[in-house]
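Here's coords-v7.cif, which has mmCIF, C-alpha atoms:
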```
data_structure
#
loop_
_atom_site.label_atom_id
_atom_site.label_comp_id
_atom_site.auth_asym_id
_atom_site.auth_seq_id
_atom_site.Cartn_x
_atom_site.Cartn_y
_atom_site.Cartn_z
CA MET A 1 11.93 39.77 57.72
CA ARG A 2 12.87 38.69 54.25
CA ALA A 3 12.86 35.01 53.36
CA THR A 4 16.31 33.59 52.66
CA LYS A 5 17.10 33.42 48.95
CA TYR A 6 18.45 30.05 47.87
CA TYR A 7 20.25 29.02 44.69
CA PHE A 8 20.17 25.48 43.37
CA PRO A 9 23.26 24.76 41.26
CA ASN A 10 23.35 21.22 39.93
CA GLN A 11 25.30 18.69 37.90
CA VAL A 12 23.84 15.91 35.77
CA ILE A 13 25.59 12.54 35.53
CA GLN A 14 24.76 9.72 33.09
CA GLN A 15 25.26 6.26 34.54
CA MET A 16 23.36 2.95 34.40
CA ASN A 17 21.32 4.41 31.50
CA ILE A 18 19.79 6.91 33.92
CA PRO A 19 20.36 10.63 34.44
CA PHE A 20 21.42 11.48 37.99
CA THR A 21 20.96 15.05 39.24
CA VAL A 22 23.26 16.26 42.00
CA LYS A 23 21.70 19.42 43.42
CA ILE A 24 22.60 21.63 46.35
CA ALA A 25 20.80 24.46 48.09
CA THR A 26 23.08 27.41 48.77
CA THR A 27 22.67 30.96 49.90
CA ASP A 28 25.90 31.98 48.17
CA PRO A 29 27.00 30.04 45.08
CA ASP A 30 30.59 31.26 45.22
CA ASP A 31 33.63 29.55 43.68
CA ILE A 32 34.28 27.40 46.74
CA VAL A 33 30.71 26.08 46.76
CA MET A 34 30.73 25.40 43.02
CA THR A 35 34.09 23.63 43.25
CA GLN A 36 32.76 21.40 46.01
CA LEU A 37 29.67 20.56 43.94
CA LYS A 38 31.77 19.67 40.90
CA SER A 39 34.27 17.64 42.87
CA ALA A 40 31.49 15.70 44.66
CA SER A 41 29.77 15.05 41.31
CA THR A 42 33.00 13.69 39.82
CA LYS A 43 33.42 11.31 42.73
CA ILE A 44 29.77 10.23 42.56
CA ASN A 45 30.18 9.56 38.84
CA GLU A 46 33.19 7.32 39.56
CA LYS A 47 31.37 5.53 42.37
CA LEU A 48 28.28 4.87 40.23
CA ALA A 49 30.47 3.58 37.40
CA GLN A 50 32.25 1.25 39.80
CA ILE A 51 28.95 -0.05 41.23
CA ASP A 52 27.67 -0.61 37.70
CA GLN A 53 30.86 -2.57 36.87
CA THR A 54 30.24 -4.72 39.92
CA PHE A 55 26.51 -5.31 39.70
CA SER A 56 25.36 -4.99 36.11
CA PRO A 57 24.00 -8.31 34.83
CA PHE A 58 24.81 -7.03 31.32
CA ARG A 59 28.57 -6.91 31.93
CA PHE A 60 30.34 -10.23 31.48
CA ASP A 61 32.91 -9.52 34.20
CA SER A 62 30.54 -8.14 36.83
CA LEU A 63 30.28 -10.00 40.11
CA VAL A 64 26.60 -10.61 39.37
CA SER A 65 27.44 -12.26 36.03
CA LYS A 66 30.16 -14.35 37.68
CA TYR A 67 27.76 -15.44 40.40
CA GLN A 68 25.14 -16.30 37.78
CA ARG A 69 27.71 -18.56 36.11
CA GLY A 70 28.21 -20.46 39.36
CA ASP A 71 31.27 -18.67 40.73
CA ASN A 72 30.87 -18.28 44.50
CA ASN A 73 33.81 -15.93 44.98
CA PRO A 74 31.64 -12.77 44.99
CA LEU A 75 29.65 -14.13 47.91
CA LEU A 76 32.79 -15.19 49.75
CA TYR A 77 35.07 -12.23 49.16
CA SER A 78 33.15 -9.06 48.25
CA SER A 79 31.60 -7.21 51.16
CA ASP A 80 29.57 -5.09 48.74
CA PHE A 81 28.16 -8.20 47.08
CA GLN A 82 27.40 -9.74 50.46
CA SER A 83 25.64 -6.57 51.57
CA VAL A 84 23.49 -6.38 48.45
CA TYR A 85 22.79 -10.12 48.54
CA GLY A 86 21.70 -9.99 52.18
CA GLN A 87 19.42 -7.03 51.55
CA THR A 88 17.72 -8.60 48.50
CA ILE A 89 16.96 -11.78 50.44
CA LEU A 90 15.53 -9.78 53.36
CA ALA A 91 13.47 -7.67 50.95
CA GLU A 92 12.08 -10.80 49.35
CA GLN A 93 10.98 -12.18 52.72
CA MET A 94 9.57 -8.87 53.93
CA THR A 95 7.44 -8.36 50.81
CA ASP A 96 6.00 -11.90 50.79
CA GLY A 97 8.07 -12.60 47.68
CA ILE A 98 6.55 -9.80 45.57
CA PHE A 99 9.99 -8.25 45.32
CA THR A 100 12.43 -10.91 44.15
CA PRO A 101 16.08 -10.90 43.14
CA TYR A 102 15.48 -13.97 41.00
CA PHE A 103 14.74 -13.10 37.42
CA ALA A 104 14.15 -15.92 34.95
CA GLY A 105 15.80 -18.27 37.43
CA ARG A 106 18.94 -16.14 37.84
CA TYR A 107 20.08 -13.97 40.70
CA ASP A 108 19.78 -10.34 39.62
CA PRO A 109 19.75 -7.60 42.30
CA THR A 110 19.15 -4.74 39.83
CA GLY A 111 15.88 -3.76 41.53
CA LEU A 112 17.76 -2.88 44.70
CA VAL A 113 21.15 -1.75 43.44
CA LYS A 114 20.14 1.68 42.10
CA GLY A 115 18.66 2.81 45.41
CA TRP A 116 21.63 1.37 47.28
CA ALA A 117 24.07 3.10 44.90
CA ILE A 118 22.36 6.47 45.42
CA GLU A 119 22.38 5.99 49.18
CA GLN A 120 26.09 4.99 49.24
CA SER A 121 27.15 7.92 47.03
CA PHE A 122 25.00 10.38 48.92
CA ASP A 123 26.34 9.41 52.36
CA GLU A 124 29.95 9.35 51.21
CA PHE A 125 30.18 12.44 49.01
CA LEU A 126 27.22 14.77 49.63
CA MET A 127 26.62 14.65 53.38
CA PRO A 128 30.12 16.12 54.06
CA LEU A 129 29.19 19.21 51.97
CA LEU A 130 26.77 20.27 54.69
CA GLU A 131 29.85 21.23 56.73
CA ASP A 132 30.24 24.24 54.42
CA THR A 133 28.65 27.32 55.95
CA ASN A 134 27.12 28.33 52.63
CA ILE A 135 25.53 24.97 51.76
CA ASP A 136 22.15 24.41 53.41
CA GLY A 137 20.96 21.32 51.55
CA VAL A 138 22.18 18.44 49.38
CA SER A 139 20.24 16.03 47.18
CA LEU A 140 20.87 13.22 44.72
CA ASN A 141 18.16 12.16 42.28
CA GLY A 142 18.63 9.05 40.13
CA GLY A 143 15.87 8.64 37.60
CA GLY A 144 13.14 9.90 39.91
CA ASP A 145 14.31 8.29 43.17
CA LEU A 146 16.12 10.60 45.51
CA LYS A 147 17.86 11.15 48.79
CA PHE A 148 18.10 14.59 50.39
CA ALA A 149 19.34 16.29 53.55
CA THR A 150 19.46 19.70 55.18
CA LYS A 151 21.91 21.25 57.62
CA PRO A 152 20.48 20.83 61.15
CA SER A 153 20.63 24.58 61.83
CA SER A 154 18.84 25.51 58.59
CA ASP A 155 15.10 25.85 58.09
CA PHE A 156 15.40 25.06 54.40
CA HIS A 157 12.98 22.43 53.05
CA TRP A 158 13.42 20.58 49.78
CA GLY A 159 10.40 20.96 47.51
CA ILE A 160 9.92 17.58 45.85
CA GLY A 161 7.31 17.42 43.13
CA ILE A 162 5.59 14.10 42.45
CA GLU A 163 5.08 13.51 38.76
CA ASN A 164 1.49 13.22 37.54
CA PRO A 165 1.31 9.79 35.84
CA HIS A 166 -1.48 11.07 33.60
CA ASN A 167 0.43 14.19 32.53
CA LEU A 168 4.20 14.01 32.79
CA GLN A 169 4.61 17.75 32.36
CA LYS A 170 2.83 18.36 35.64
CA VAL A 171 3.34 17.52 39.25
CA ILE A 172 0.36 16.10 41.11
CA ALA A 173 1.62 16.94 44.60
CA THR A 174 4.64 18.36 46.39
CA TYR A 175 6.40 17.22 49.55
CA TYR A 176 8.32 19.79 51.58
CA LEU A 177 10.85 17.88 53.66
CA GLN A 178 14.29 18.41 55.17
CA ASN A 179 15.79 14.92 55.38
CA GLY A 180 14.91 11.57 53.90
CA ALA A 181 14.33 9.62 50.73
CA ILE A 182 11.54 9.47 48.16
CA ALA A 183 10.98 6.83 45.49
CA THR A 184 8.21 6.61 42.90
CA SER A 185 7.24 3.62 40.76
CA GLY A 186 4.93 3.49 37.79
CA ASN A 187 3.04 0.59 36.29
CA SER A 188 5.37 0.07 33.36
CA LYS A 189 6.95 -3.36 33.46
CA ARG A 190 10.39 -2.17 32.35
CA GLY A 191 13.12 -3.72 34.42
CA GLU A 192 11.00 -4.23 37.48
CA HIS A 193 11.84 -7.26 39.51
CA ILE A 194 8.45 -8.07 40.83
CA ILE A 195 6.06 -10.95 40.86
CA ARG A 196 2.53 -10.07 39.79
CA LYS A 197 0.20 -12.34 41.68
CA TYR A 198 -2.40 -9.81 42.84
CA PRO A 199 -4.91 -7.85 40.77
CA SER A 200 -3.68 -4.27 40.51
CA ASP A 201 -4.96 -1.09 38.95
CA VAL A 202 -2.33 0.97 40.73
CA GLN A 203 -0.85 3.61 38.41
CA GLN A 204 1.84 4.99 40.65
CA VAL A 205 3.19 4.64 44.18
CA THR A 206 5.43 7.10 46.02
CA VAL A 207 7.08 6.12 49.30
CA VAL A 208 8.79 8.51 51.72
CA SER A 209 11.30 6.97 54.12
CA ASP A 210 14.61 7.62 55.81
CA SER A 211 16.13 4.95 53.55
CA LEU A 212 16.05 5.00 49.76
CA VAL A 213 16.47 1.22 49.46
CA ASP A 214 13.40 0.84 51.62
CA ALA A 215 11.39 3.51 49.75
CA ASP A 216 12.33 2.07 46.36
CA ILE A 217 11.36 -1.50 47.23
CA TRP A 218 8.02 -0.51 48.73
CA ALA A 219 7.14 1.78 45.82
CA THR A 220 7.88 -1.04 43.38
CA VAL A 221 5.96 -3.56 45.46
CA GLY A 222 3.01 -1.17 45.86
CA VAL A 223 2.39 -1.08 42.12
CA ALA A 224 2.50 -4.89 41.85
CA ALA A 225 0.63 -5.70 45.04
CA GLY A 226 -2.51 -3.68 44.27
CA LEU A 227 -4.38 -1.47 46.70
CA ALA A 228 -5.73 -4.12 49.09
CA LYS A 229 -2.50 -6.04 49.62
CA PHE A 230 -0.40 -2.88 49.73
CA THR A 231 -2.66 -1.41 52.43
CA ASP A 232 -1.67 -4.37 54.63
CA PHE A 233 2.02 -3.57 54.06
CA VAL A 234 1.38 0.14 54.79
CA ASN A 235 -0.15 -0.80 58.14
CA GLU A 236 2.40 -3.43 59.07
CA TYR A 237 5.53 -1.50 58.10
CA LYS A 238 4.26 2.00 59.00
CA LEU A 239 4.84 3.32 55.51
CA SER A 240 4.42 6.93 54.35
CA GLY A 241 3.67 8.17 50.86
CA MET A 242 0.94 8.34 48.24
CA LEU A 243 -0.75 5.95 45.84
CA ILE A 244 -2.69 6.60 42.66
CA ASN A 245 -5.22 3.90 41.85
CA GLY A 246 -6.79 4.00 38.39
CA ASN A 247 -8.16 7.45 37.65
CA HIS A 248 -9.00 8.19 41.28
CA ALA A 249 -7.58 10.97 43.40
CA PRO A 250 -4.31 10.17 45.18
CA ILE A 251 -4.50 8.28 48.46
CA ASN A 252 -2.09 9.45 51.15
CA PHE A 253 -0.65 7.32 53.88
CA ASN A 254 1.43 8.57 56.77
CA GLU A 255 3.34 6.27 59.13
CA GLY A 256 0.99 3.40 58.50
CA THR A 257 -2.35 5.15 58.40
CA ILE A 258 -4.34 6.46 55.47
CA ALA A 259 -4.47 10.23 55.86
CA ASN A 260 -6.09 13.20 54.20
CA ALA A 261 -3.96 15.60 52.23
CA GLN A 262 -3.40 19.15 53.34
CA LYS A 263 -5.61 21.13 51.01
CA THR A 264 -4.20 24.35 49.70
CA PRO A 265 -6.02 26.83 47.48
CA LEU A 266 -5.04 26.45 43.85
CA MET B 267 63.63 25.29 87.71
CA ILE B 268 61.19 23.68 90.16
CA LYS B 269 58.34 25.34 88.27
CA LYS B 270 59.55 23.72 85.07
CA VAL B 271 59.80 20.31 86.67
CA VAL B 272 56.32 20.63 88.11
CA GLY B 273 55.02 21.78 84.73
CA VAL B 274 56.57 18.85 82.91
CA ALA B 275 55.33 16.40 85.54
CA LEU B 276 51.83 17.82 85.30
CA SER B 277 51.68 17.65 81.53
CA PHE B 278 53.02 14.09 81.64
CA GLY B 279 50.28 13.19 84.10
CA VAL B 280 47.67 14.74 81.84
CA ALA B 281 49.01 12.83 78.82
CA VAL B 282 48.83 9.52 80.72
CA ALA B 283 45.28 10.30 81.82
CA MET B 284 44.31 11.07 78.22
CA ALA B 285 45.84 7.84 77.00
CA ILE B 286 43.90 5.85 79.59
CA ASP B 287 40.74 7.73 78.67
CA GLY B 288 41.30 7.03 75.02
CA TYR B 289 41.82 3.37 75.75
CA ILE B 290 38.59 3.18 77.74
CA VAL B 291 36.53 5.19 75.24
CA PHE B 292 37.65 3.55 72.00
CA PHE B 293 39.03 0.14 72.81
CA LYS B 294 36.72 -0.92 75.63
CA ASN B 295 33.64 0.31 73.81
CA GLN B 296 34.58 -1.59 70.72
CA GLN B 297 34.93 -4.76 72.72
CA THR B 298 31.59 -4.47 74.39
CA SER B 299 29.73 -3.43 71.26
CA SER B 300 31.16 -6.27 69.20
CA ALA B 301 30.20 -8.72 71.93
CA ALA B 302 26.68 -7.33 71.93
CA ASN B 303 26.50 -7.62 68.14
CA SER B 304 27.42 -11.26 68.04
CA ASP B 305 24.84 -11.96 70.70
CA THR B 306 21.97 -10.42 68.79
CA SER B 307 22.85 -11.92 65.45
CA LYS B 308 23.00 -15.39 66.94
CA THR B 309 19.52 -15.18 68.31
CA THR B 310 17.94 -13.89 65.13
CA THR B 311 19.44 -16.19 62.54
CA LYS B 312 17.19 -16.61 59.54
CA THR B 313 17.57 -19.08 56.75
CA THR B 314 16.74 -17.77 53.33
CA SER B 315 13.87 -19.16 51.36
CA SER B 316 16.02 -19.53 48.30
CA THR B 317 18.87 -21.35 49.97
CA LYS B 318 17.99 -24.75 48.59
CA SER B 319 17.81 -23.86 44.93
CA GLN B 320 20.89 -21.69 45.21
CA ALA B 321 22.98 -24.36 46.86
CA SER B 322 22.02 -27.07 44.44
CA SER B 323 22.56 -24.97 41.35
CA THR B 324 26.00 -23.78 42.42
CA SER B 325 27.37 -26.95 43.99
CA SER B 326 27.64 -28.69 40.65
CA SER B 327 29.93 -26.05 39.23
CA THR B 328 32.30 -25.52 42.14
CA THR B 329 35.49 -27.45 41.91
CA GLY B 330 36.20 -28.12 45.54
CA LYS B 331 38.69 -25.28 45.87
CA TYR B 332 37.18 -23.87 49.03
CA LYS B 333 38.12 -24.96 52.51
CA ASP B 334 35.33 -26.52 54.50
CA GLY B 335 33.81 -24.39 57.18
CA THR B 336 31.40 -21.58 57.85
CA TYR B 337 32.28 -18.10 56.65
CA THR B 338 30.54 -14.99 57.88
CA GLY B 339 30.79 -11.81 55.82
CA SER B 340 31.17 -8.36 57.22
CA SER B 341 28.15 -6.74 58.77
CA THR B 342 26.33 -3.98 56.91
CA SER B 343 23.93 -1.61 58.51
CA THR B 344 20.62 -1.42 56.64
CA ARG B 345 17.17 -0.03 57.10
CA TRP B 346 16.17 -3.40 58.57
CA GLY B 347 19.06 -3.70 60.96
CA ASP B 348 22.49 -5.25 60.53
CA VAL B 349 22.76 -7.82 57.77
CA GLN B 350 25.45 -10.47 57.35
CA VAL B 351 25.78 -13.29 54.87
CA GLN B 352 26.96 -16.62 56.23
CA ILE B 353 28.21 -19.31 53.86
CA THR B 354 28.77 -22.96 54.66
CA ILE B 355 31.28 -24.95 52.64
CA ALA B 356 31.23 -28.73 52.98
CA GLY B 357 33.22 -31.13 50.84
CA GLY B 358 34.67 -28.10 49.03
CA LYS B 359 31.23 -27.06 47.88
CA LEU B 360 28.93 -24.26 48.90
CA THR B 361 26.08 -25.99 50.64
CA LYS B 362 24.23 -23.27 52.50
CA ILE B 363 23.72 -19.51 52.49
CA ASN B 364 22.23 -17.88 55.55
CA VAL B 365 21.28 -14.26 55.84
CA LEU B 366 21.74 -13.14 59.43
CA ASN B 367 19.61 -10.23 60.45
CA SER B 368 19.85 -8.50 63.78
CA PRO B 369 17.07 -5.95 63.81
CA ASN B 370 18.00 -2.77 65.54
CA SER B 371 15.10 -1.33 67.46
CA GLU B 372 16.25 2.21 66.69
CA GLN B 373 16.22 1.60 62.97
CA LYS B 374 12.70 0.22 62.93
CA SER B 375 11.09 3.57 63.44
CA VAL B 376 11.02 5.90 60.49
CA GLU B 377 13.23 8.86 61.26
CA ILE B 378 11.27 11.48 59.42
CA ASN B 379 10.44 13.93 62.14
CA GLU B 380 8.04 15.70 59.88
CA GLN B 381 4.54 15.06 58.65
CA ALA B 382 5.14 13.25 55.38
CA LEU B 383 2.02 14.64 53.76
CA PRO B 384 2.10 16.34 50.39
CA THR B 385 0.63 19.63 49.30
CA TYR B 386 -1.60 19.51 46.24
CA LYS B 387 -1.19 22.03 43.45
CA SER B 388 -1.68 21.29 39.79
CA GLU B 389 -0.06 24.30 38.17
CA ALA B 390 2.42 23.95 35.36
CA ILE B 391 6.02 23.62 36.43
CA LYS B 392 7.05 27.13 35.40
CA ALA B 393 4.91 28.66 38.10
CA GLN B 394 6.32 26.24 40.63
CA SER B 395 10.01 26.20 39.88
CA ALA B 396 10.68 28.60 42.71
CA SER B 397 9.35 26.15 45.27
CA ILE B 398 10.24 22.78 43.72
CA GLN B 399 13.81 21.62 43.21
CA GLN B 400 13.51 17.90 42.61
CA ILE B 401 11.03 15.60 40.87
CA SER B 402 10.17 12.08 41.90
CA GLY B 403 8.66 9.96 39.17
CA ALA B 404 8.72 6.55 37.60
CA THR B 405 12.18 5.83 36.17
CA GLU B 406 10.89 4.85 32.74
CA THR B 407 9.56 8.37 32.17
CA TYR B 408 13.14 9.63 32.42
CA LYS B 409 14.09 8.20 29.04
CA GLY B 410 13.48 11.54 27.39
CA PHE B 411 15.32 13.59 30.00
CA THR B 412 15.67 16.74 27.91
CA GLY B 413 11.92 17.22 27.83
CA SER B 414 11.40 16.25 31.45
CA LEU B 415 10.29 18.32 34.39
CA GLN B 416 13.55 17.56 36.18
CA ASN B 417 15.55 18.99 33.31
CA ALA B 418 13.38 22.11 33.27
CA LEU B 419 14.02 22.58 37.00
CA ASN B 420 17.76 22.03 36.58
CA GLN B 421 17.87 24.79 33.97
CA ALA B 422 16.09 27.14 36.38
CA GLU B 423 18.73 26.59 39.12
#
```
Whole structure given in structure tokens:
Amino acid sequence: MRATKYYFPNQVIQQMNIPFTVKIATTDPDDIVMTQLKSASTKINEKLAQIDQTFSPFRFDSLVSKYQRGDNNPLLYSSDFQSVYGQTILAEQMTDGIFTPYFAGRYDPTGLVKGWAIEQSFDEFLMPLLEDTNIDGVSLNGGGDLKFATKPSSDFHWGIGIENPHNLQKVIATYYLQNGAIATSGNSKRGEHIIRKYPSDVQQVTVVSDSLVDADIWATVGVAAGLAKFTDFVNEYKLSGMLINGNHAPINFNEGTIANAQKTPL
Amino acid sequence: MIKKVVGVALSFGVAVAMAIDGYIVFFKNQQTSSAANSDTSKTTTKTTSSTKSQASSTSSSTTGKYKDGTYTGSSTSTRWGDVQVQITIAGGKLTKINVLNSPNSEQKSVEINEQALPTYKSEAIKAQSASIQQISGATETYKGFTGSLQNALNQAE
């Protein structure tokens, strides 16, 4: 029996200063499939632009900017703002305050909004594409954090390479999964809403989850928390993923326990 | 003629039965589920750690245009259960923000029904592009997208 041949047509969107890759897995990239991909990408682009308008702290008229200036209307009247607000506060509590939506004394949910935006766009515009007979998988990658899904009847698995923090032209490991979310954080301080109160030599953390908001927050927190503190979170919240500490080999964790990697011949 | 009458009567009966069914399935269910929701959220009310600072910093700038009372926002389903924001207005000012969380036992467990363990290979991307379609990496490395692994993969289709 011959393995099924898949094609991976994609569209790249620029929003929030990040490239987003919309990619599908199809056995037959015909006109109908390509039209669906393009139409979904257009809608995702609009959705991301709208979320950026609403949540960017750099836009004067965004709800976040209004709220920062003392206007309570966003909290009273926008269900999106309420949803994001509620999630940031929960995330802060859950991570012992390592993840915080307060940045220089101001409320700024940026650290959560990207993952939430990907998740919203994915559920609304990409999941329906799996109804097409010729589309086996859908995925949305925003600056290295992604959500993916596969048609229940398909045995297709997404191959997701994890960037090697010591050599960005190489992947250090690959996950083969059908449904879920993966987020990776590095130790650069750019735009990360985290409190550094633990010693950390963590170079990179990848978290695999069913939720991208969840994966993104834990990956970010893992880098800031350091190995010891993060191990407690891994145990308590049954996290899955991999961590690179200093120059050491990656450490894998799977549903809360530290696990050994599947070794394959190089 | 009698056949027709019987046929019409039968189909009318079926339609009535369907309507009743529909009522029971959609309307009744909604009622019970919303009742269950309000129960759980009541018992698991949490007050945010940042409530105090938030309330004091915003109360000075509100102009008393809000009606007093407690407002509860719409519920959103999240990884950590349903989340709702509850706001208390007193004397026209926002005095309290609560985040209500009703954890859903189903959502606590991670729904990845696969071993989330990676495979290790350190080849260059060209050799792997057949088996890798997406790259997860730190966002800051995406600044130079044209030279990135993701871009290389996208070109390969």
Which neighbours of Glu124 in chain A fall inside 10 Å, counting only C-alpha atoms, when residues of the same chain fewer than 4 positions from it are skipped, and could you give them as a ChimeraX atom specification?
-> /A:40,43-44,47,118-120,128-129
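Using all atoms listed in the file, the chain A residues found within 6 Å of chain B amount to Phe8, Pro9, Gly70, Gln82, Ser83, Gly86, Gly143, Gly144, Asp145, Gly159, Ile160, Gly161, Ile162, Glu163, Lys170, Ile172, Ala173, Thr174, Tyr175, Thr184, Ser185, Gly186, Asp210, Gln262 and Leu266 of chain A.
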Residue nearest Thr206 in chain A among A:Leu140, A:Ala91, A:Ile18, A:Met242 (counting all atoms listed in the file) | A:Met242
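For the file shown, the residue list from the PyMOL selection byres ((chain A and resi 5) around 9) reads A:Arg2, A:Ala3, A:Thr4, A:Tyr6, A:Tyr7, A:Thr26, A:Thr27, A:Asp28.
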From the list A:Leu76, A:Ile244, A:Leu112, A:Val207, which residue is nearest Thr336 in chain B when using all atoms listed in the file?
-> A:Leu76
In Å to one decimal, how far is CA of Ile217 in chain A from CA of Thr21 in chain A?
-> 20.7 Å
Using the chain letters and numbering of this document, enumerate as a short mmCIF file (atom, residue, chain, number, x, y, z; two decimals) with C-alpha atoms, keeping the file's coordinate frame the residues selected by the PyMOL selection byres ((chain A and resi 31-36) around 12).
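The resulting result.cif:
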```
data_model
loop_
_atom_site.label_atom_id
_atom_site.label_comp_id
_atom_site.auth_asym_id
_atom_site.auth_seq_id
_atom_site.Cartn_x
_atom_site.Cartn_y
_atom_site.Cartn_z
CA TYR A 7 20.25 29.02 44.69
CA PHE A 8 20.17 25.48 43.37
CA PRO A 9 23.26 24.76 41.26
CA ASN A 10 23.35 21.22 39.93
CA GLN A 11 25.30 18.69 37.90
CA VAL A 22 23.26 16.26 42.00
CA LYS A 23 21.70 19.42 43.42
CA ILE A 24 22.60 21.63 46.35
CA ALA A 25 20.80 24.46 48.09
CA THR A 26 23.08 27.41 48.77
CA THR A 27 22.67 30.96 49.90
CA ASP A 28 25.90 31.98 48.17
CA PRO A 29 27.00 30.04 45.08
CA ASP A 30 30.59 31.26 45.22
CA LEU A 37 29.67 20.56 43.94
CA LYS A 38 31.77 19.67 40.90
CA SER A 39 34.27 17.64 42.87
CA ALA A 40 31.49 15.70 44.66
CA SER A 41 29.77 15.05 41.31
CA THR A 42 33.00 13.69 39.82
CA LYS A 43 33.42 11.31 42.73
CA PHE A 125 30.18 12.44 49.01
CA LEU A 126 27.22 14.77 49.63
CA MET A 127 26.62 14.65 53.38
CA PRO A 128 30.12 16.12 54.06
CA LEU A 129 29.19 19.21 51.97
CA LEU A 130 26.77 20.27 54.69
CA GLU A 131 29.85 21.23 56.73
CA ASP A 132 30.24 24.24 54.42
CA THR A 133 28.65 27.32 55.95
CA ASN A 134 27.12 28.33 52.63
CA ILE A 135 25.53 24.97 51.76
CA ASP A 136 22.15 24.41 53.41
CA GLY A 137 20.96 21.32 51.55
CA VAL A 138 22.18 18.44 49.38
#
```
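Here the residues that fall within 7 Å of (0.4, 8.9, 47.8), using all atoms listed in the file, are given as Val205, Thr206, Gly241, Met242, Leu243, Ile244, Pro250, Ile251, Asn252 and Phe253 of chain A.
Run against this file, the PyMOL selection byres ((chain A and resi 106) around 10) gives back Pro57, Val64, Ser65, Tyr67, Gln68, Arg69, Pro101, Tyr102, Phe103, Ala104, Gly105, Tyr107, Asp108 and Pro109 of chain A; Gln320 of chain B.
A straight line drawn from CA of Asn167 in chain A to CA of Trp218 in chain A is 23.2 Å long.
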